[in-house]
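Novice: Next up, start_22.txt (compact mmCIF, C-alpha atoms).
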```
# COMPACT_ATOMS: atom_id res chain seq x y z
CA MET A 134 92.40 -46.79 42.70
CA SER A 135 94.73 -48.40 45.25
CA TYR A 136 95.23 -47.23 48.82
CA ALA A 137 98.17 -47.83 51.14
CA PHE A 138 97.48 -49.85 54.28
CA PRO A 139 99.76 -51.37 56.95
CA SER A 140 101.23 -54.71 55.93
CA GLY A 141 102.41 -55.85 59.35
CA GLY A 142 105.24 -58.35 59.47
CA LEU A 143 108.65 -57.53 60.92
CA PRO A 144 111.83 -56.31 59.21
CA ASP A 145 114.62 -58.88 59.16
CA GLN A 146 117.76 -58.67 61.25
CA THR A 147 119.72 -56.89 58.50
CA MET A 148 117.67 -53.71 58.91
CA ASP A 149 119.09 -50.73 60.76
CA ALA A 150 116.87 -49.27 63.48
CA ASP A 151 117.69 -45.71 62.43
CA GLY A 152 114.74 -44.26 60.57
CA ALA A 153 112.52 -41.28 59.89
CA ALA A 154 110.11 -41.74 62.82
CA VAL A 155 109.98 -38.65 65.02
CA PHE A 156 107.81 -37.26 67.81
CA THR A 157 108.15 -33.56 68.64
CA PRO A 158 106.09 -31.10 70.71
CA ALA A 159 104.47 -29.87 67.45
CA TYR A 160 104.14 -32.96 65.24
CA ALA A 161 104.83 -36.67 64.86
CA VAL A 162 105.79 -38.74 61.81
CA MET A 163 105.22 -42.51 61.88
CA PRO A 164 106.59 -44.02 58.65
CA ALA A 165 104.95 -47.09 57.15
CA ILE A 166 107.88 -49.26 58.25
CA THR A 167 106.89 -48.66 61.89
CA HIS A 168 103.40 -50.19 61.44
CA ARG A 169 104.35 -53.75 62.33
CA ASP A 170 102.75 -56.72 64.06
CA ILE A 171 104.34 -55.98 67.43
CA VAL A 172 102.64 -52.58 67.73
CA THR A 173 99.07 -53.73 67.03
CA SER A 174 96.18 -53.51 69.49
CA TYR A 175 93.16 -55.74 70.09
CA PHE A 176 89.76 -54.62 71.34
CA PRO A 177 87.06 -56.12 73.59
CA THR A 178 83.92 -57.16 71.66
CA TRP A 179 85.94 -57.53 68.42
CA GLN A 180 86.81 -60.86 66.80
CA LYS A 181 89.58 -61.91 64.37
CA HIS A 182 91.10 -58.46 64.01
CA ARG A 183 94.09 -56.26 64.76
CA ALA A 184 94.52 -52.48 64.79
CA TRP A 185 97.26 -49.91 64.51
CA ILE A 186 96.46 -46.88 66.68
CA PHE A 187 98.14 -43.85 65.12
CA ALA A 188 96.66 -41.08 67.26
CA ARG A 189 94.79 -40.68 70.53
CA PRO A 190 93.90 -37.58 72.57
CA MET A 191 96.97 -36.44 74.53
CA THR A 192 96.99 -33.44 76.86
CA GLY A 193 99.37 -30.82 75.52
CA PHE A 194 99.40 -32.28 72.01
CA ALA A 195 96.41 -33.14 69.80
CA GLU A 196 93.33 -33.62 71.95
CA THR A 197 90.24 -34.07 69.77
CA PHE A 198 90.48 -37.44 68.01
CA ALA A 199 91.75 -40.99 67.72
CA GLN A 200 92.77 -42.58 64.44
CA TYR A 201 93.26 -46.27 63.67
CA ALA A 202 93.89 -48.66 60.82
CA VAL A 203 91.86 -51.84 61.47
CA GLU A 204 92.36 -55.18 59.73
CA LEU A 205 89.51 -57.69 59.79
CA PHE A 206 90.43 -61.25 58.96
CA PRO A 207 87.79 -63.54 57.39
CA GLY A 208 84.92 -63.89 59.85
CA GLY A 209 86.15 -60.97 61.91
CA GLY A 210 84.26 -57.94 63.11
CA SER A 211 82.12 -56.70 65.96
CA ALA A 212 78.44 -56.44 66.92
CA ALA A 213 79.33 -53.67 69.39
CA PRO A 214 82.33 -51.86 67.91
CA GLU A 215 82.06 -48.46 69.62
CA PRO A 216 82.48 -48.33 73.43
CA ASP A 217 81.70 -44.59 73.76
CA ARG A 218 78.13 -43.47 73.01
CA GLU A 219 79.32 -39.88 72.56
CA ALA A 220 81.77 -40.89 69.83
CA GLN A 221 81.06 -40.32 66.16
CA ALA A 222 83.19 -41.93 63.50
CA VAL A 223 84.37 -42.09 59.92
CA LEU A 224 85.33 -45.36 58.25
CA PHE A 225 87.29 -45.44 55.00
CA VAL A 226 87.96 -48.81 53.36
CA ALA A 227 91.44 -49.32 51.90
CA LYS A 228 91.42 -53.00 50.95
CA GLY A 229 89.04 -55.95 50.82
CA ARG A 230 85.33 -55.90 51.55
CA ALA A 231 83.18 -55.66 54.67
CA ARG A 232 79.51 -55.67 55.58
CA LEU A 233 78.24 -52.72 57.62
CA SER A 234 74.93 -52.94 59.47
CA LEU A 235 73.42 -49.59 60.37
CA GLY A 236 70.22 -50.22 62.27
CA ALA A 237 68.19 -52.57 60.05
CA GLU A 238 70.11 -51.63 56.89
CA ARG A 239 73.06 -53.55 55.47
CA HIS A 240 75.72 -52.06 53.23
CA GLU A 241 78.55 -53.73 51.35
CA LEU A 242 81.76 -51.75 51.67
CA VAL A 243 84.57 -51.93 49.12
CA PRO A 244 87.88 -50.08 48.67
CA GLY A 245 87.05 -46.37 48.49
CA SER A 246 83.87 -46.65 50.59
CA PHE A 247 83.38 -43.78 53.05
CA VAL A 248 81.04 -43.97 56.04
CA TYR A 249 80.07 -41.26 58.53
CA LEU A 250 78.49 -42.63 61.73
CA PRO A 251 76.84 -40.16 64.14
CA ALA A 252 77.29 -40.55 67.89
CA GLY A 253 74.99 -43.25 69.24
CA ALA A 254 74.35 -44.85 65.84
CA PRO A 255 73.66 -48.61 66.13
CA TRP A 256 76.28 -50.11 63.83
CA GLN A 257 78.10 -53.38 63.32
CA ILE A 258 80.88 -54.38 60.93
CA TRP A 259 81.88 -57.86 59.76
CA ASN A 260 84.08 -59.43 57.12
CA PRO A 261 82.14 -62.42 55.71
CA HIS A 262 84.58 -62.81 52.81
CA ASP A 263 87.66 -64.96 52.24
CA GLU A 264 90.19 -62.11 52.10
CA PRO A 265 91.20 -59.64 54.85
CA CYS A 266 89.60 -56.21 54.91
CA GLY A 267 91.46 -53.08 55.98
CA PHE A 268 89.82 -49.79 56.89
CA HIS A 269 90.70 -46.52 58.57
CA TRP A 270 88.65 -45.58 61.63
CA ILE A 271 88.61 -42.02 62.95
CA ARG A 272 86.75 -41.31 66.21
CA LYS A 273 85.81 -38.02 67.84
CA ARG A 274 83.38 -37.15 70.63
CA PHE A 275 80.53 -35.11 69.18
CA VAL A 276 80.22 -31.52 70.37
CA PRO A 277 76.57 -30.39 70.13
CA ALA A 278 75.80 -26.78 69.28
CA GLU A 279 72.70 -24.72 70.04
CA GLY A 280 70.41 -24.33 67.05
CA VAL A 281 72.31 -26.89 64.98
CA SER A 282 70.65 -30.16 63.96
CA LEU A 283 72.28 -33.50 64.62
CA PRO A 284 74.16 -34.98 61.65
CA GLU A 285 72.75 -37.93 59.70
CA PRO A 286 74.63 -41.08 58.69
CA LEU A 287 76.33 -41.00 55.31
CA ILE A 288 77.59 -43.86 53.15
CA THR A 289 79.24 -43.04 49.84
CA HIS A 290 82.28 -43.86 47.71
CA GLU A 291 85.16 -41.66 46.70
CA ALA A 292 84.24 -42.19 43.01
CA GLU A 293 81.00 -40.33 43.76
CA VAL A 294 82.74 -37.32 45.32
CA PRO A 295 84.31 -34.87 42.84
CA VAL A 296 87.69 -33.28 43.37
CA ALA A 297 87.19 -29.59 44.10
CA PRO A 298 90.23 -27.63 42.86
CA MET A 299 91.71 -25.16 45.29
CA PRO A 300 91.65 -21.54 44.08
CA ASP A 301 94.46 -20.22 41.88
CA CYS A 302 96.22 -23.60 41.68
CA GLY A 303 95.54 -24.64 38.09
CA GLU A 304 93.99 -27.92 39.34
CA ALA A 305 97.35 -29.02 40.77
CA TRP A 306 95.77 -29.21 44.27
CA GLY A 307 92.27 -30.46 44.98
CA THR A 308 90.12 -31.85 47.79
CA GLN A 309 87.34 -34.43 47.93
CA ARG A 310 85.02 -33.25 50.70
CA PHE A 311 82.84 -36.15 51.83
CA LEU A 312 81.02 -34.01 54.41
CA ASP A 313 79.48 -30.67 53.38
CA PRO A 314 81.88 -28.01 54.69
CA LEU A 315 78.99 -25.53 55.06
CA ASP A 316 76.89 -27.92 57.17
CA LEU A 317 77.54 -26.90 60.79
CA ALA A 318 76.05 -30.16 62.05
CA TYR A 319 79.50 -31.67 61.50
CA ASP A 320 82.22 -30.78 64.00
CA PHE A 321 84.97 -32.54 62.06
CA HIS A 322 85.81 -33.33 58.45
CA VAL A 323 87.64 -36.19 56.80
CA ASN A 324 88.75 -35.44 53.25
CA ILE A 325 91.04 -36.86 50.59
CA VAL A 326 93.56 -34.28 49.41
CA THR A 327 95.29 -34.77 46.05
CA PHE A 328 98.32 -33.04 44.55
CA ARG A 329 99.46 -33.66 41.02
CA PRO A 330 103.24 -34.15 40.65
CA GLY A 331 104.85 -30.82 41.39
CA GLY A 332 101.72 -29.47 43.08
CA ARG A 333 102.18 -27.79 46.39
CA ILE A 334 100.74 -25.92 49.34
CA PRO A 335 102.31 -22.56 48.46
CA PHE A 336 102.50 -21.16 52.00
CA ALA A 337 103.04 -22.48 55.50
CA GLU A 338 99.50 -23.16 56.75
CA THR A 339 99.19 -22.25 60.42
CA HIS A 340 95.74 -22.81 61.91
CA VAL A 341 93.68 -23.99 64.86
CA MET A 342 92.69 -27.37 63.36
CA GLU A 343 94.43 -30.55 64.48
CA HIS A 344 95.33 -33.06 61.77
CA GLY A 345 95.73 -36.75 61.28
CA LEU A 346 97.17 -37.38 57.82
CA TYR A 347 97.58 -40.86 56.32
CA VAL A 348 99.36 -41.05 52.94
CA LEU A 349 97.30 -43.19 50.56
CA GLN A 350 99.47 -42.81 47.46
CA GLY A 351 102.51 -41.00 46.11
CA THR A 352 105.38 -39.10 47.68
CA ALA A 353 106.08 -35.58 48.87
CA ARG A 354 108.35 -33.30 50.82
CA TYR A 355 106.29 -32.10 53.78
CA LEU A 356 107.03 -29.05 55.91
CA LEU A 357 106.27 -29.64 59.59
CA ASN A 358 107.02 -26.73 61.88
CA GLN A 359 110.54 -25.86 60.63
CA ASP A 360 111.47 -29.29 59.25
CA TRP A 361 111.11 -30.71 55.74
CA VAL A 362 110.49 -34.49 55.78
CA GLU A 363 110.11 -37.04 52.98
CA VAL A 364 106.82 -38.98 53.14
CA GLY A 365 105.28 -41.77 51.08
CA PRO A 366 102.54 -44.44 50.99
CA GLY A 367 101.48 -45.65 54.42
CA ASP A 368 103.19 -42.88 56.38
CA PHE A 369 101.16 -41.13 59.09
CA ILE A 370 101.60 -37.51 60.17
CA TRP A 371 100.05 -36.16 63.36
CA LEU A 372 99.87 -32.39 63.84
CA ARG A 373 98.77 -30.36 66.83
CA ALA A 374 96.98 -27.04 66.43
CA PHE A 375 98.99 -24.18 64.89
CA CYS A 376 101.87 -26.35 63.66
CA PRO A 377 103.04 -24.75 60.36
CA GLN A 378 102.70 -27.11 57.39
CA ALA A 379 103.15 -27.21 53.62
CA CYS A 380 104.07 -29.79 51.00
CA ILE A 381 105.47 -30.32 47.52
CA ALA A 382 104.39 -33.47 45.63
CA THR A 383 107.33 -35.41 44.19
CA GLY A 384 107.57 -38.38 41.86
CA ASP A 385 105.39 -39.27 38.88
CA ALA A 386 102.16 -40.25 40.66
CA PRO A 387 99.63 -38.04 42.44
CA PHE A 388 100.25 -37.48 46.14
CA ARG A 389 97.04 -38.33 48.04
CA TYR A 390 96.24 -38.46 51.72
CA LEU A 391 93.30 -39.00 54.06
CA LEU A 392 92.98 -35.92 56.27
CA TYR A 393 91.18 -35.37 59.58
CA LYS A 394 90.51 -31.89 60.98
CA ASP A 395 88.24 -30.49 63.71
CA VAL A 396 85.96 -27.66 62.55
CA ASN A 397 82.80 -25.61 63.14
CA ARG A 398 82.92 -25.14 66.92
CA HIS A 399 84.19 -22.46 69.31
CA PRO A 400 87.34 -23.40 71.24
CA SER A 401 86.45 -24.38 74.78
CA LEU A 402 87.35 -21.75 77.37
CA GLY A 403 86.89 -24.07 80.33
CA PRO A 404 89.37 -26.46 81.92
CA LEU A 405 90.53 -29.29 79.66
CA THR A 406 89.16 -32.67 80.69
```
Show the structure stored in the file as C-alpha cells.
Specialist:
Amino acid sequence: MSYAFPSGGLPDQTMDADGAAVFTPAYAVMPAITHRDIVTSYFPTWQKHRAWIFARPMTGFAETFAQYAVELFPGGGSAAPEPDREAQAVLFVAKGRARLSLGAERHELVPGSFVYLPAGAPWQIWNPHDEPCGFHWIRKRFVPAEGVSLPEPLITHEAEVPVAPMPDCGEAWGTQRFLDPLDLAYDFHVNIVTFRPGGRIPFAETHVMEHGLYVLQGTARYLLNQDWVEVGPGDFIWLRAFCPQACIATGDAPFRYLLYKDVNRHPSLGPLT
C-alpha cells in the first residue's frame, strides 16, 4: 500500500498561480501543490526535520485539533516532541521508517503504522535510517470525563485493522477504525475511510464533529457546504462543525483518506478559551 505525502520543492516559473486552494467560513481545501518548501515549519527540540501544518485551532472555525505532516531526515527526530502535557496524539507513517520510544519500549514504525499516544505519555521519535521518514501527526488536548478510564497507548498497523463496511452500501464504502468507537476513553478518532470507484456518501452529512481529511490515494468529487470540488492524493480538507459533506469516488483506484473527528464528549457550555 502506498500513501500520499508532501513532496516539497517549488513549482517552476511556468506555473500559473490560479488553483483550487480555498478557505471559506465553513471549510478549507489545501491541494497537494500548495504543500511546498516555503510553507514548512520547524520546531524547538526537533532535529533534521520539517513540517507542514495543515490545521490548528482557530476561534470561529475548527477549534479542537492540530494536524501536521512531519518529515524526518536521516538522524532526525526529537527526545521531547510534545510541548503540551495535556495533548494526546496519533501518528500515522506514510513513508520510510522511524523508531518510536514509549517509556522503556522501542517500536519500529513502517508505512501503515498507527500510534495512539495518551496525554503525558513519555515518547520520543527518531529516524536512524538512510532514507527520509514521513508521518502524519494529529494533536488534541484530552478532555477527561467522570467515570471514564484514561486511554492506553496503542501501536498497530493498518494491515491488522479490518475494513468495516458501512450499512447498505454493498461494501463500496468502508472504514478502518483504529480506536474502538464504543470506548468512551477516547475523545477523538482517526480512521482510514475507503471508497471503491463509484462509491459514495449518499447524503450530505451534517454533524457536530470537526474534520481533518488527508487524501492518501485516489480521486473524488467532494461536496463541501454547497460546493463540489475535485480532490486527489495529498490534498487536505478542513471542515468545521456542521459543514455539509459528501463524496463520489472517481477514477479506477480506491479513494482513501485519513480522517480526524472529535467524539464522545458533551459540547462545552462555558466560554471558549
Novice: Rank nothing, just name the residue among A:Glu304, A:Thr167, A:Leu349, A:Leu242 nearest to A:Val155, using all atoms listed in the file.
Specialist: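 Answer, going by the shortest atom-to-atom distance: A:Thr167.
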Novice: Using all atoms listed in the file, which residues sit within 10 Å of A:Phe156 once same-chain residues fewer than 4 positions away are excluded, as a count of residues only?
Specialist: 6
Novice: When you look at A:Pro244 with a cut-off of 9 Å (counting all atoms listed in the file), what residues show up, excluding the ones that are within fewer than 4 positions of it in the same chain? I need them as a list in words.
Specialist: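 Close residues of A:Pro244: Met134, Ser135, Tyr136, Phe225, Val226, Ala227, Lys228, Gly229, Arg230, Cys266, Gly267, Phe268 and His290 of chain A.
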Novice: How about saving the chosen residues, C-alpha atoms kept, as an mmCIF file, in the coordinates of the input?
Specialist:
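Below you can see out20.cif, which holds the result:
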```
data_model
loop_
_atom_site.group_PDB
_atom_site.id
_atom_site.type_symbol
_atom_site.label_atom_id
_atom_site.label_comp_id
_atom_site.auth_asym_id
_atom_site.auth_seq_id
_atom_site.Cartn_x
_atom_site.Cartn_y
_atom_site.Cartn_z
ATOM 1 C CA MET A 134 92.400 -46.790 42.700
ATOM 2 C CA SER A 135 94.730 -48.400 45.250
ATOM 3 C CA TYR A 136 95.230 -47.230 48.820
ATOM 4 C CA PHE A 225 87.290 -45.440 55.000
ATOM 5 C CA VAL A 226 87.960 -48.810 53.360
ATOM 6 C CA ALA A 227 91.440 -49.320 51.900
ATOM 7 C CA LYS A 228 91.420 -53.000 50.950
ATOM 8 C CA GLY A 229 89.040 -55.950 50.820
ATOM 9 C CA ARG A 230 85.330 -55.900 51.550
ATOM 10 C CA CYS A 266 89.600 -56.210 54.910
ATOM 11 C CA GLY A 267 91.460 -53.080 55.980
ATOM 12 C CA PHE A 268 89.820 -49.790 56.890
ATOM 13 C CA HIS A 290 82.280 -43.860 47.710
#
```
Novice: Between atom CA of A:Ala278 and atom CA of A:Val396, what distance in Å does the model show, to one decimal?
Specialist: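 Separating atom CA of A:Ala278 from atom CA of A:Val396 is a distance of 12.2 Å.
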Novice: Can you build me a table of stretch 243-355 of chain A residues sitting at most 10 Å from stretch 191-196 of chain A, with the closest atom pair per residue and its distance in Å to one decimal, using only C-alpha atoms, sorted by chain and residue number, as JSON lines?
Specialist:
```
{"residue": "A:Lys273", "atom": "CA", "partner": "A:Glu196", "partner_atom": "CA", "distance": 9.6}
{"residue": "A:Met342", "atom": "CA", "partner": "A:Ala195", "partner_atom": "CA", "distance": 9.4}
{"residue": "A:Glu343", "atom": "CA", "partner": "A:Ala195", "partner_atom": "CA", "distance": 6.2}
{"residue": "A:His344", "atom": "CA", "partner": "A:Ala195", "partner_atom": "CA", "distance": 8.1}
{"residue": "A:Gly345", "atom": "CA", "partner": "A:Ala195", "partner_atom": "CA", "distance": 9.3}
```
Novice: Just checking: using all atoms listed in the file, which residue out of A:Trp306, A:Ile325, A:Ile334, A:Phe275 ends up closest to A:Val294?
Specialist: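 Smallest distance to A:Val294 is found for A:Ile325.
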Novice: Pull the neighbourhood of (100.6, -23.7, 34.6) for me: all residues within 12 Å in file coordinates, counting all atoms listed in the file, as a PDB file with C-alpha atoms, in the frame of the given file.
Specialist:
```pdb
ATOM      1  CA  ASP A 301      94.460 -20.220  41.880  1.00  0.00           C
ATOM      2  CA  CYS A 302      96.220 -23.600  41.680  1.00  0.00           C
ATOM      3  CA  GLY A 303      95.540 -24.640  38.090  1.00  0.00           C
ATOM      4  CA  GLU A 304      93.990 -27.920  39.340  1.00  0.00           C
ATOM      5  CA  ALA A 305      97.350 -29.020  40.770  1.00  0.00           C
ATOM      6  CA  ARG A 329      99.460 -33.660  41.020  1.00  0.00           C
ATOM      7  CA  GLY A 331     104.850 -30.820  41.390  1.00  0.00           C
ATOM      8  CA  GLY A 332     101.720 -29.470  43.080  1.00  0.00           C
TER       9      GLY A 332
END
```
Novice: Rounded to one decimal, what separation in Å do you get between atom CA of A:Pro158 and atom CA of A:Ala379?
Specialist: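 Those two atoms sit 17.8 Å apart.
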Novice: If we count all atoms listed in the file, what is near stretch 206-214 of chain A at a cut-off of 12 Å, once residues fewer than 6 positions away on the same chain are taken out, given as a VMD selection string?
Specialist: chain A and resid 175 to 184 220 to 222 228 to 236 250 253 to 268 270 272
Novice: What is the atom CA of A:Asp320 to atom CA of A:Asp395 distance in Å?
Specialist: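 Pair atom CA of A:Asp320 / atom CA of A:Asp395 returns 6.0 Å.
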Novice: Nearest to A:Cys376: which of A:Tyr390, A:Ile171, A:Arg333, A:Gln359 is it, counting all atoms listed in the file?
Specialist: A:Gln359
Novice: Please output stretch 256-267 of chain A, rebuilt to include N, CA, C and O atoms, as a PDB file, in the frame of the given file.
Specialist:
```pdb
ATOM      1  N   TRP A 256      75.608 -49.524  64.983  1.00  0.00           N
ATOM      2  CA  TRP A 256      76.280 -50.110  63.830  1.00  0.00           C
ATOM      3  C   TRP A 256      77.075 -51.345  64.204  1.00  0.00           C
ATOM      4  O   TRP A 256      77.484 -51.524  65.353  1.00  0.00           O
ATOM      5  N   GLN A 257      77.263 -52.194  63.209  1.00  0.00           N
ATOM      6  CA  GLN A 257      78.100 -53.380  63.320  1.00  0.00           C
ATOM      7  C   GLN A 257      78.933 -53.464  62.040  1.00  0.00           C
ATOM      8  O   GLN A 257      78.538 -52.931  60.998  1.00  0.00           O
ATOM      9  N   ILE A 258      80.074 -54.143  62.127  1.00  0.00           N
ATOM     10  CA  ILE A 258      80.880 -54.380  60.930  1.00  0.00           C
ATOM     11  C   ILE A 258      81.460 -55.780  60.995  1.00  0.00           C
ATOM     12  O   ILE A 258      81.945 -56.222  62.045  1.00  0.00           O
ATOM     13  N   TRP A 259      81.388 -56.492  59.848  1.00  0.00           N
ATOM     14  CA  TRP A 259      81.880 -57.860  59.760  1.00  0.00           C
ATOM     15  C   TRP A 259      82.536 -58.073  58.404  1.00  0.00           C
ATOM     16  O   TRP A 259      82.179 -57.415  57.420  1.00  0.00           O
ATOM     17  N   ASN A 260      83.459 -59.008  58.375  1.00  0.00           N
ATOM     18  CA  ASN A 260      84.080 -59.430  57.120  1.00  0.00           C
ATOM     19  C   ASN A 260      83.645 -60.866  56.839  1.00  0.00           C
ATOM     20  O   ASN A 260      84.256 -61.813  57.340  1.00  0.00           O
ATOM     21  N   PRO A 261      82.588 -61.065  56.020  1.00  0.00           N
ATOM     22  CA  PRO A 261      82.140 -62.420  55.710  1.00  0.00           C
ATOM     23  C   PRO A 261      82.849 -63.034  54.510  1.00  0.00           C
ATOM     24  O   PRO A 261      82.444 -64.095  54.019  1.00  0.00           O
ATOM     25  N   HIS A 262      83.913 -62.387  54.035  1.00  0.00           N
ATOM     26  CA  HIS A 262      84.580 -62.810  52.810  1.00  0.00           C
ATOM     27  C   HIS A 262      85.856 -63.594  53.119  1.00  0.00           C
ATOM     28  O   HIS A 262      86.251 -63.744  54.279  1.00  0.00           O
ATOM     29  N   ASP A 263      86.507 -64.087  52.073  1.00  0.00           N
ATOM     30  CA  ASP A 263      87.660 -64.960  52.240  1.00  0.00           C
ATOM     31  C   ASP A 263      88.987 -64.215  52.331  1.00  0.00           C
ATOM     32  O   ASP A 263      90.013 -64.822  52.619  1.00  0.00           O
ATOM     33  N   GLU A 264      88.983 -62.911  52.064  1.00  0.00           N
ATOM     34  CA  GLU A 264      90.190 -62.110  52.100  1.00  0.00           C
ATOM     35  C   GLU A 264      90.110 -61.079  53.229  1.00  0.00           C
ATOM     36  O   GLU A 264      89.020 -60.620  53.580  1.00  0.00           O
ATOM     37  N   PRO A 265      91.241 -60.671  53.811  1.00  0.00           N
ATOM     38  CA  PRO A 265      91.200 -59.640  54.850  1.00  0.00           C
ATOM     39  C   PRO A 265      90.661 -58.322  54.305  1.00  0.00           C
ATOM     40  O   PRO A 265      90.774 -58.009  53.116  1.00  0.00           O
ATOM     41  N   CYS A 266      90.093 -57.559  55.207  1.00  0.00           N
ATOM     42  CA  CYS A 266      89.600 -56.210  54.910  1.00  0.00           C
ATOM     43  C   CYS A 266      90.368 -55.223  55.789  1.00  0.00           C
ATOM     44  O   CYS A 266      90.577 -55.480  56.976  1.00  0.00           O
ATOM     45  N   GLY A 267      90.785 -54.105  55.210  1.00  0.00           N
ATOM     46  CA  GLY A 267      91.460 -53.080  55.980  1.00  0.00           C
ATOM     47  C   GLY A 267      90.749 -51.748  55.836  1.00  0.00           C
ATOM     48  O   GLY A 267      90.419 -51.334  54.714  1.00  0.00           O
TER      49      GLY A 267
END
```
